[in-house]
file work_30.cif (mmCIF, C-alpha atoms)
data_query
#
loop_
_atom_site.label_atom_id
_atom_site.label_comp_id
_atom_site.auth_asym_id
_atom_site.auth_seq_id
_atom_site.Cartn_x
_atom_site.Cartn_y
_atom_site.Cartn_z
CA MET A 201 75.43 -8.02 -26.50
CA SER A 202 75.89 -10.65 -23.86
CA VAL A 203 76.24 -14.36 -24.41
CA SER A 204 74.98 -16.36 -21.49
CA ASN A 205 75.71 -19.95 -20.65
CA PRO A 206 72.63 -21.97 -21.67
CA ASP A 207 73.68 -24.97 -19.56
CA PRO A 208 74.64 -24.07 -15.97
CA THR A 209 76.24 -27.50 -15.53
CA LEU A 210 79.07 -26.59 -17.91
CA SER A 211 82.35 -25.93 -16.18
CA ALA A 212 83.98 -22.50 -16.33
CA ARG A 213 86.34 -23.87 -18.97
CA GLN A 214 83.39 -24.73 -21.19
CA THR A 215 81.49 -21.47 -20.65
CA PRO A 216 81.33 -19.31 -23.81
CA LEU A 217 83.33 -16.08 -23.78
CA ARG A 218 81.15 -13.29 -22.35
CA VAL A 219 81.07 -10.13 -24.42
CA ASP A 220 79.10 -7.00 -23.51
CA ALA A 221 79.26 -3.28 -24.27
CA GLU A 222 80.97 -2.44 -20.97
CA GLY A 223 83.62 -5.11 -21.55
CA ALA A 224 84.19 -3.93 -25.11
CA ALA A 225 84.57 -0.31 -23.98
CA ARG A 226 87.04 -1.33 -21.28
CA ALA A 227 89.02 -3.43 -23.76
CA ALA A 228 89.17 -0.49 -26.19
CA GLU A 229 90.34 1.86 -23.43
CA LEU A 230 93.10 -0.54 -22.40
CA ALA A 231 94.19 -1.24 -25.97
CA ALA A 232 94.36 2.49 -26.73
CA ALA A 233 96.70 2.86 -23.74
CA ASN A 234 98.97 -0.01 -24.89
CA ILE A 235 97.71 -2.27 -22.11
CA ASN A 236 96.72 -5.76 -23.17
CA PRO A 237 92.95 -6.00 -22.58
CA LYS A 238 93.11 -9.78 -22.08
CA THR A 239 95.79 -9.71 -19.40
CA GLY A 240 95.63 -6.17 -17.99
CA LEU A 241 99.40 -5.84 -18.33
CA ALA A 242 101.55 -3.36 -20.24
CA THR A 243 104.82 -4.12 -22.00
CA ASP A 244 106.14 -0.71 -20.93
CA TYR A 245 107.18 -2.30 -17.60
CA LEU A 246 109.65 -4.50 -19.47
CA ASN A 247 111.58 -1.36 -20.46
CA HIS A 248 112.81 -1.33 -16.86
CA PHE A 249 114.48 -4.72 -17.36
CA ASN A 250 115.54 -4.06 -20.96
CA GLU A 251 117.48 -1.04 -19.72
CA ALA A 252 119.43 -3.22 -17.30
CA VAL A 253 120.09 -5.84 -20.01
CA MET A 254 121.30 -3.15 -22.41
CA LEU A 255 123.75 -1.86 -19.80
CA LEU A 256 124.95 -5.40 -19.04
CA GLU A 257 125.56 -6.03 -22.73
CA MET A 258 127.69 -2.88 -22.96
CA ILE A 259 129.99 -3.75 -20.04
CA PRO A 260 132.28 -6.22 -21.86
CA ASP A 261 133.17 -3.56 -24.47
CA MET A 262 132.87 -0.52 -22.21
CA PRO A 263 133.74 -1.47 -18.61
CA GLU A 264 132.83 2.01 -17.40
CA CYS A 265 129.16 1.12 -18.09
CA SER A 266 129.27 -1.07 -15.00
CA GLU A 267 128.77 2.10 -12.94
CA ASP A 268 125.60 2.83 -14.90
CA PHE A 269 124.36 -0.70 -14.33
CA LEU A 270 125.14 -0.40 -10.61
CA GLY A 271 122.85 2.64 -10.56
CA TRP A 272 119.91 0.51 -11.77
CA GLN A 273 117.36 0.01 -9.01
CA PRO A 274 114.58 -2.58 -8.91
CA LEU A 275 111.07 -1.18 -9.27
CA SER A 276 107.75 -2.91 -8.81
CA TYR A 277 105.16 -2.62 -11.55
CA ALA A 278 103.39 0.22 -9.73
CA GLU A 279 106.67 1.98 -8.84
CA HIS A 280 107.77 1.85 -12.47
CA PHE A 281 104.57 3.46 -13.69
CA HIS A 282 104.46 6.04 -10.88
CA ALA A 283 107.98 7.14 -11.91
CA SER A 284 107.31 7.03 -15.65
CA ASN A 285 105.90 9.45 -18.17
CA PHE A 286 103.54 6.75 -19.43
CA LYS A 287 100.41 8.73 -20.30
CA ALA A 288 98.02 6.10 -18.91
CA ARG A 289 100.08 5.18 -15.86
CA ASP A 290 97.14 5.24 -13.45
CA LEU A 291 95.14 3.02 -15.80
CA ALA A 292 98.13 0.66 -16.12
CA ILE A 293 98.38 0.33 -12.34
CA GLU A 294 94.63 -0.15 -11.93
CA ALA A 295 94.52 -2.75 -14.72
CA TYR A 296 97.44 -4.63 -13.12
CA ASP A 297 95.70 -4.56 -9.74
CA SER A 298 92.51 -5.97 -11.25
CA ALA A 299 94.21 -8.51 -13.54
CA ASP A 300 93.46 -12.19 -13.08
CA ALA A 301 95.42 -13.35 -10.04
CA ARG A 302 96.87 -16.37 -11.84
CA ILE A 303 98.17 -14.29 -14.73
CA ARG A 304 99.61 -11.73 -12.35
CA ALA A 305 101.24 -14.47 -10.25
CA ASP A 306 102.93 -15.94 -13.34
CA PHE A 307 104.08 -12.49 -14.39
CA ASP A 308 105.26 -11.48 -10.91
CA SER A 309 107.18 -14.72 -10.53
CA ILE A 310 109.18 -13.99 -13.68
CA THR A 311 109.76 -10.33 -12.85
CA ASP A 312 110.79 -11.27 -9.30
CA THR A 313 113.31 -13.72 -10.75
CA MET A 314 114.72 -11.06 -13.07
CA THR A 315 114.98 -8.62 -10.19
CA SER A 316 116.76 -11.22 -8.05
CA ILE A 317 119.28 -11.96 -10.79
CA LEU A 318 119.97 -8.31 -11.50
CA THR A 319 120.36 -7.34 -7.85
CA ALA A 320 122.60 -10.35 -7.13
CA VAL A 321 124.81 -9.52 -10.11
CA GLY A 322 124.95 -5.90 -9.00
CA ALA A 323 126.07 -6.98 -5.53
CA ALA A 324 128.70 -9.29 -7.02
CA MET A 325 129.97 -6.50 -9.31
CA ARG A 326 130.37 -4.21 -6.32
CA ASP A 327 132.61 -6.82 -4.68
CA VAL A 328 134.99 -7.32 -7.63
CA ARG A 329 137.55 -4.95 -9.03
CA GLN A 330 138.65 -6.60 -12.27
CA ASP A 331 136.88 -5.49 -15.43
CA SER A 332 137.16 -9.01 -16.87
CA THR A 333 135.23 -10.44 -13.92
CA ARG A 334 132.56 -7.79 -14.23
CA ALA A 335 132.33 -8.52 -17.96
CA LYS A 336 131.78 -12.25 -17.27
CA LEU A 337 129.12 -11.45 -14.67
CA ALA A 338 127.42 -9.07 -17.10
CA GLU A 339 127.42 -11.58 -19.96
CA GLN A 340 126.01 -14.35 -17.79
CA ALA A 341 123.32 -12.13 -16.29
CA ALA A 342 122.22 -10.86 -19.70
CA ASP A 343 122.01 -14.47 -20.94
CA TRP A 344 119.79 -15.35 -17.98
CA VAL A 345 117.54 -12.29 -18.06
CA LYS A 346 116.85 -11.91 -21.80
CA PRO A 347 114.78 -15.11 -22.09
CA LEU A 348 112.88 -14.13 -18.95
CA VAL A 349 112.03 -10.75 -20.49
CA ALA A 350 110.70 -12.63 -23.52
CA ARG A 351 108.61 -14.93 -21.29
CA ALA A 352 107.23 -11.94 -19.40
CA GLY A 353 106.35 -10.34 -22.73
CA GLY A 354 104.54 -13.52 -23.71
CA ILE A 355 102.45 -13.37 -20.55
CA ILE A 356 101.66 -9.70 -21.12
CA ASN A 357 100.57 -10.49 -24.67
CA GLY A 358 98.49 -13.48 -23.63
CA GLN A 359 100.91 -16.06 -24.99
CA GLY A 360 102.61 -18.68 -22.94
CA SER A 361 100.58 -18.57 -19.76
CA GLU A 362 98.26 -21.44 -18.94
CA ALA A 363 96.53 -19.18 -16.45
CA ASP A 364 95.80 -16.71 -19.25
CA VAL A 365 94.17 -19.43 -21.35
CA ASP A 366 92.07 -20.52 -18.37
CA TYR A 367 91.06 -16.91 -17.69
CA ILE A 368 89.99 -16.28 -21.27
CA MET A 369 88.03 -19.50 -21.39
CA ALA A 370 86.29 -18.68 -18.11
CA HIS A 371 85.17 -15.21 -19.19
#

call {"tool": "encode", "arguments": {"input": "work_30.cif", "output": "structure tokens"}}
result
Amino acid sequence: MSVSNPDPTLSARQTPLRVDAEGAARAAELAAANINPKTGLATDYLNHFNEAVMLLEMIPDMPECSEDFLGWQPLSYAEHFHASNFKARDLAIEAYDSADARIRADFDSITDTMTSILTAVGAAMRDVRQDSTRAKLAEQAADWVKPLVARAGGIINGQGSEADVDYIMAH
């Protein structure tokens, strides 16, 4: 069933949400693969950042974990899924590529920031030799990245992104 806009003078923001069989089938396919049908994004990508945060949080108590953190490498959304065992990885990449540009830009901005923080902290840790300094760097980085992971999760789940609201209202 399709709902059309009876008044073509209504703005995109005022246009009723369009629902049809093809859209419903696509939404079901994405949802079954743990990809948010509204945003086209999967929370599985956040595991990449959660791993780094977990390692950072371990460093103050177990300084030897800094070597594990230093082995963490940034991965783009597509690189993460290509390297993963995620059963619907090709669908996740395709959904990301076709996601609303504004939602993806918000998401990419946050993930780029997390990547910048984590790589900068890694570089700083390579330059220091004292465990106490590495522990301070790790604590600070974890405190910076954890709220960003939560914000990225909000965007994935269609919460907290103005672009997502605009997209939903326009379709």

call {"tool": "resolve_selection", "arguments": {"input": "work_30.cif", "expression": "the PyMOL selection byres ((chain A and resi 268) around 12)", "output": "PyMOL selection string"}}
result
chain A and resi 251-259+262-267+269-273+322+325

call {"tool": "residues_around", "arguments": {"input": "work_30.cif", "residues": "region 342-354 of chain A", "least_positions_apart": "3", "cutoff": "8 Å", "atoms": "only C-alpha atoms", "output": "short mmCIF file (atom, residue, chain, number, x, y, z; two decimals) with C-alpha atoms, in the frame of the given file"}}
result
data_model
loop_
_atom_site.label_atom_id
_atom_site.label_comp_id
_atom_site.auth_asym_id
_atom_site.auth_seq_id
_atom_site.Cartn_x
_atom_site.Cartn_y
_atom_site.Cartn_z
CA THR A 243 104.82 -4.12 -22.00
CA LEU A 246 109.65 -4.50 -19.47
CA PHE A 249 114.48 -4.72 -17.36
CA ASN A 250 115.54 -4.06 -20.96
CA VAL A 253 120.09 -5.84 -20.01
CA LEU A 256 124.95 -5.40 -19.04
CA GLU A 257 125.56 -6.03 -22.73
CA PHE A 307 104.08 -12.49 -14.39
CA ILE A 310 109.18 -13.99 -13.68
CA THR A 311 109.76 -10.33 -12.85
CA MET A 314 114.72 -11.06 -13.07
CA ILE A 317 119.28 -11.96 -10.79
CA ALA A 338 127.42 -9.07 -17.10
CA GLU A 339 127.42 -11.58 -19.96
CA ASN A 357 100.57 -10.49 -24.67
CA GLY A 358 98.49 -13.48 -23.63
CA GLN A 359 100.91 -16.06 -24.99
CA GLY A 360 102.61 -18.68 -22.94
CA SER A 361 100.58 -18.57 -19.76
#

call {"tool": "atom_distance", "arguments": {"input": "work_30.cif", "atom1": "CA of Arg302 (chain A)", "atom2": "CA of Pro274 (chain A)"}}
result
22.6 Å

call {"tool": "residues_near_point", "arguments": {"input": "work_30.cif", "point": "(109.4, -2.5, -12.2)", "cutoff": "10 Å", "atoms": "only C-alpha atoms", "output": "ChimeraX atom specification"}}
result
/A:244-249,273-283,308,311-312,315

call {"tool": "atom_distance", "arguments": {"input": "work_30.cif", "atom1": "CA of Ala299 (chain A)", "atom2": "CA of Ile356 (chain A)"}}
result
10.7 Å

call {"tool": "atom_distance", "arguments": {"input": "work_30.cif", "atom1": "CA of Ala232 (chain A)", "atom2": "CA of Ala292 (chain A)"}}
result
11.4 Å

call {"tool": "resolve_selection", "arguments": {"input": "work_30.cif", "expression": "the PyMOL selection byres ((chain A and resi 304) around 10)", "output": "JSON, numbers by chain"}}
result
{"A": [239, 240, 241, 296, 297, 298, 299, 300, 301, 302, 303, 305, 306, 307, 308, 309, 310, 355, 356, 363, 364]}

call {"tool": "axis_aligned_box", "arguments": {"input": "work_30.cif", "around": "region 304-317 of chain A", "padding_each_side": "5 Å", "output": "AutoDock Vina command-line options"}}
result
--center_x 109.4 --center_y -12.3 --center_z -11.2 --size_x 29.7 --size_y 17.3 --size_z 16.3

call {"tool": "closest_residue", "arguments": {"input": "work_30.cif", "among": "A:Val328, A:Ala288, A:Ala335, A:Leu318", "to": "Glu229 (chain A)", "atoms": "all atoms listed in the file"}}
result
A:Ala288
